Amino acid sequence: MFKKDHISLSTVIDFCYMFFSTLIKKGFGFIRELILAFFFGSSIIYANYLLLKTVSDFISQITLGNALQANIMPKFVKLYEKHKILNLNNVYDFSKVFSLKLFFLIQFLQILLILFLSPENIILYIIVSLILGFIASLNFFNAIFMTILQARGDFKKFSIATTFNITISTILLYPLILLFKIISYSTSIMGVVISRLVGVLSLAFLYVKPLINEKGKHSVSLTLKDFNFSILILGNITNIIMLLGRLVAGLDGGNNIVFYTYAVIILNIFFTSIVVNINTLLLKFISVKKNINVVLATTLLTAILGGFFIYLILFFSKEIIEFIFERGNFIYEDTIATSNYLKDLSWSFILIFISSSLFQTYFTLPENYLKKNTYKLILPLFFATIFLLCFFLLNDYTAKLNSIIMIYSLSSLSFLIAVLAFFKYLRHESK
């Protein structure tokens with residue numbers, strides 16, 4: 001009885017660490033977005049930056065977050081149940097090499113986009129592209145070891161480390177923008193990327209490096225065989241859907257992508273502060289012990305909390321945007337445009353919240369099963385995305401309408417696939 005209570009108390013404490021650290025990170029995120037809105041508003045300079053950043057973000061979302069956890073967390077959870085300290089030298093070698101490959105891939109795609117945009121300050125955007133690529137590759141490197149921290153149950157250190165990252169980058173954002181603004185308004189965007197660079201570097205040196213230096217007797221390796229790329233996509237499908245919407249919103253070369261981004265920031269606050277933390281604990285729990293009732297209760301809780309959040313948005317979207325963003329170069333017209341975008345997108349996120357919870361069960365199935373079956377779940381999403389992109393090219397709809405169609409279509413399909421994945425889990429477990 002004591003052991004059961006101890007496990008429950010430990011789970012609650014872990015959630016509290018992640019929940020309150022996420023609140024702090026979202027607080028600094030608010031400050032960061034306030035600064036960005038103050039300096040850039042809905043300017044084309046910022047819109048071009050967001051479109052360029054979409055490439056590195058897209059690659060990052062395939063290799064980070066829920067996707068990464070789903071691939072390697074169960075493995076390390078089991079290892080840390082047997083060994084208190086692991087030798088991670090081989091993991092370090094793999095992460096370093098793979099991060100470098102990610103950097104070159106991101107650079108290739110971003111350069112193509114720069115040529116497509118043909119901005120006036122092309123050299124500036126190439127420099128920004130290089131820094132964004134390095135940040136994305138280093139984020140992958142850091143995420144490997146942050147996932148390992150979670151797998152061994154050190155949620156306190158994980159929460160502090162990730163909070164420190166956003167804190168440093170936010171504190172430096174304002175002075176760095178001002179510093180580069182002395183040269184010209186367009187170069188002030190350099191302050192944004194360099195502030196993020198300092199954040200990820202500080203995380204690597206202060207928290208990842210000590211973990212690498214631990215020399216346990218049991219050596220563990222990480223290879224491409226540990227990564228199911230179908231799972232990498234499916235596990236982070238939520239963020240991929242949001243990024244596809246952002247891409248479509250910005251392909252017209254206008255500033256719709258800015259309004260879309262600000263709207264999704266509000267919706268993503270709930271997802272990252274509540275849903276992601278619940279899913280992380282759920283994945284860790286069901287990796288050790290299967291319990292369908294916990295999964296259903298978690299999904300129901302996510303749906304109820306998400307519905308309440310969306311209800312508030314529908315009634316107070318203008319006031320929320322006005323309170324957070326409307327100052328400096330972010331004017332009243334920007335508030336109205338972002339508020340309308342927020343209300344238009346909100347209902348699709350209920351499906352996204354539920355889907356995210358249901359997918360957690362599927363990720364705990366045996367690796368061989370996942371390798372054989374997951375690509376079948378990905379194919380409908382892939383073909384739907386291609387179809388939608390072609391549809392947009394053949395029709396003269398606005399960028400805003402295209403992004404809304406993209407979000408609702410893919411979130412609905414994601415929900416149906418999540419339900420199918422859950423039934424696959426039930427069928428497999430009943431054998």
# chains A, B, ... in the order shown; residues from 1 in each chain; ligands from 1

call {"tool": "residues_around", "arguments": {"residues": "Leu314 (chain A)", "least_positions_apart": "3", "cutoff": "10 Å", "atoms": "only C-alpha atoms", "output": "count of residues only"}}
result
12

call {"tool": "closest_residue", "arguments": {"among": "A:Leu345, A:Leu312, A:Leu388, A:Leu211", "to": "Asn268 (chain A)", "atoms": "only C-alpha atoms"}}
result
A:Leu345

call {"tool": "residues_around", "arguments": {"residues": "region 348-358 of chain A", "least_positions_apart": "5", "cutoff": "7 Å", "atoms": "only C-alpha atoms", "output": "ChimeraX atom specification"}}
result
/A:238,271,275,279,299,302-303,306-307,407-408,411-412,414-415,418-419,422

call {"tool": "atom_distance", "arguments": {"atom1": "CA of Ala143 (chain A)", "atom2": "CA of Val264 (chain A)"}}
result
22.8 Å

call {"tool": "residues_around", "arguments": {"residues": "region 123-135 of chain A", "least_positions_apart": "5", "cutoff": "7 Å", "atoms": "only C-alpha atoms", "output": "tab-separated table (two decimals) with C-alpha atoms, in the first residue's frame"}}
result
chain	number	residue	atom	x	y	z
A	53	LYS	CA	12.28	29.56	-39.76
A	56	SER	CA	14.22	24.50	-39.49
A	103	PHE	CA	22.37	20.97	-40.18
A	106	ILE	CA	18.19	22.31	-43.10
A	107	GLN	CA	20.64	24.59	-44.88
A	110	GLN	CA	16.38	27.06	-46.32
A	190	MET	CA	19.80	39.02	-36.02
A	193	VAL	CA	18.36	34.33	-33.70
A	197	LEU	CA	21.62	30.52	-30.02
A	200	VAL	CA	20.68	26.38	-26.59

call {"tool": "residues_around", "arguments": {"residues": "Phe141 (chain A)", "least_positions_apart": "2", "cutoff": "9 Å", "atoms": "only C-alpha atoms", "output": "list in words"}}
result
Tyr92, Ser95, Lys96, Phe98, Ser99, Ala136, Ser137, Leu138, Asn139, Ala143, Ile144, Phe145, Ala204 and Val208 of chain A

call {"tool": "atom_distance", "arguments": {"atom1": "CA of Lys25 (chain A)", "atom2": "CA of Tyr332 (chain A)"}}
result
26.9 Å

call {"tool": "residues_around", "arguments": {"residues": "Ala337 (chain A)", "least_positions_apart": "4", "cutoff": "10 Å", "atoms": "only C-alpha atoms", "output": "list in words"}}
result
Asn256, Val258, Phe259, Tyr260, Ala263, Lys318, Ile321, Tyr332, Glu333, Tyr341 and Leu342 of chain A

call {"tool": "write_last_selection", "arguments": {"atoms": "N, CA, C and O atoms", "output": "PDB file, in the first residue's frame"}}
result
ATOM      1  N   ASN A 256       0.218  37.436 -43.544  1.00  0.00           N
ATOM      2  CA  ASN A 256      -0.737  36.538 -42.898  1.00  0.00           C
ATOM      3  C   ASN A 256      -0.048  35.556 -41.963  1.00  0.00           C
ATOM      4  O   ASN A 256      -0.615  35.149 -40.956  1.00  0.00           O
ATOM      5  N   VAL A 258       2.289  36.103 -39.981  1.00  0.00           N
ATOM      6  CA  VAL A 258       2.503  36.727 -38.670  1.00  0.00           C
ATOM      7  C   VAL A 258       1.261  36.563 -37.807  1.00  0.00           C
ATOM      8  O   VAL A 258       1.352  36.163 -36.638  1.00  0.00           O
ATOM      9  N   PHE A 259       0.083  36.854 -38.345  1.00  0.00           N
ATOM     10  CA  PHE A 259      -1.162  36.710 -37.592  1.00  0.00           C
ATOM     11  C   PHE A 259      -1.417  35.253 -37.218  1.00  0.00           C
ATOM     12  O   PHE A 259      -1.869  34.946 -36.117  1.00  0.00           O
ATOM     13  N   TYR A 260      -1.138  34.362 -38.153  1.00  0.00           N
ATOM     14  CA  TYR A 260      -1.279  32.925 -37.888  1.00  0.00           C
ATOM     15  C   TYR A 260      -0.362  32.514 -36.737  1.00  0.00           C
ATOM     16  O   TYR A 260      -0.793  31.804 -35.823  1.00  0.00           O
ATOM     17  N   ALA A 263      -1.573  33.713 -33.344  1.00  0.00           N
ATOM     18  CA  ALA A 263      -2.765  32.968 -32.927  1.00  0.00           C
ATOM     19  C   ALA A 263      -2.403  31.582 -32.417  1.00  0.00           C
ATOM     20  O   ALA A 263      -2.900  31.127 -31.372  1.00  0.00           O
ATOM     21  N   LYS A 318     -10.250  38.689 -28.609  1.00  0.00           N
ATOM     22  CA  LYS A 318      -9.774  40.053 -28.855  1.00  0.00           C
ATOM     23  C   LYS A 318      -9.070  40.612 -27.622  1.00  0.00           C
ATOM     24  O   LYS A 318      -7.989  41.220 -27.729  1.00  0.00           O
ATOM     25  N   ILE A 321      -5.577  38.884 -27.134  1.00  0.00           N
ATOM     26  CA  ILE A 321      -4.557  39.389 -28.070  1.00  0.00           C
ATOM     27  C   ILE A 321      -4.184  40.826 -27.736  1.00  0.00           C
ATOM     28  O   ILE A 321      -3.002  41.204 -27.756  1.00  0.00           O
ATOM     29  N   TYR A 332      -3.743  48.147 -33.490  1.00  0.00           N
ATOM     30  CA  TYR A 332      -5.100  47.626 -33.301  1.00  0.00           C
ATOM     31  C   TYR A 332      -5.539  46.739 -34.467  1.00  0.00           C
ATOM     32  O   TYR A 332      -6.193  45.709 -34.256  1.00  0.00           O
ATOM     33  N   GLU A 333      -5.200  47.120 -35.671  1.00  0.00           N
ATOM     34  CA  GLU A 333      -5.566  46.310 -36.840  1.00  0.00           C
ATOM     35  C   GLU A 333      -4.929  44.923 -36.768  1.00  0.00           C
ATOM     36  O   GLU A 333      -5.541  43.930 -37.196  1.00  0.00           O
ATOM     37  N   TYR A 341      -8.161  35.160 -36.568  1.00  0.00           N
ATOM     38  CA  TYR A 341      -7.426  33.933 -36.880  1.00  0.00           C
ATOM     39  C   TYR A 341      -7.530  32.947 -35.716  1.00  0.00           C
ATOM     40  O   TYR A 341      -7.734  31.736 -35.906  1.00  0.00           O
ATOM     41  N   LEU A 342      -7.402  33.469 -34.499  1.00  0.00           N
ATOM     42  CA  LEU A 342      -7.448  32.631 -33.299  1.00  0.00           C
ATOM     43  C   LEU A 342      -8.784  31.909 -33.175  1.00  0.00           C
ATOM     44  O   LEU A 342      -8.838  30.701 -32.911  1.00  0.00           O
TER      45      LEU A 342
END

call {"tool": "closest_residue", "arguments": {"among": "A:Leu393, A:His218, A:His428, A:Gly235", "to": "Lys82 (chain A)", "atoms": "only C-alpha atoms"}}
result
A:His218

call {"tool": "closest_atom_pairs", "arguments": {"of": "region 96-151 of chain A", "to": "region 246-251 of chain A", "cutoff": "12 Å", "atoms": "only C-alpha atoms", "output": "CSV"}}
result
residue,atom,partner,partner_atom,distance
A:Leu113,CA,A:Leu251,CA,10.0
A:Ile114,CA,A:Leu251,CA,12.0
A:Phe116,CA,A:Leu251,CA,9.6
A:Leu117,CA,A:Leu251,CA,8.9
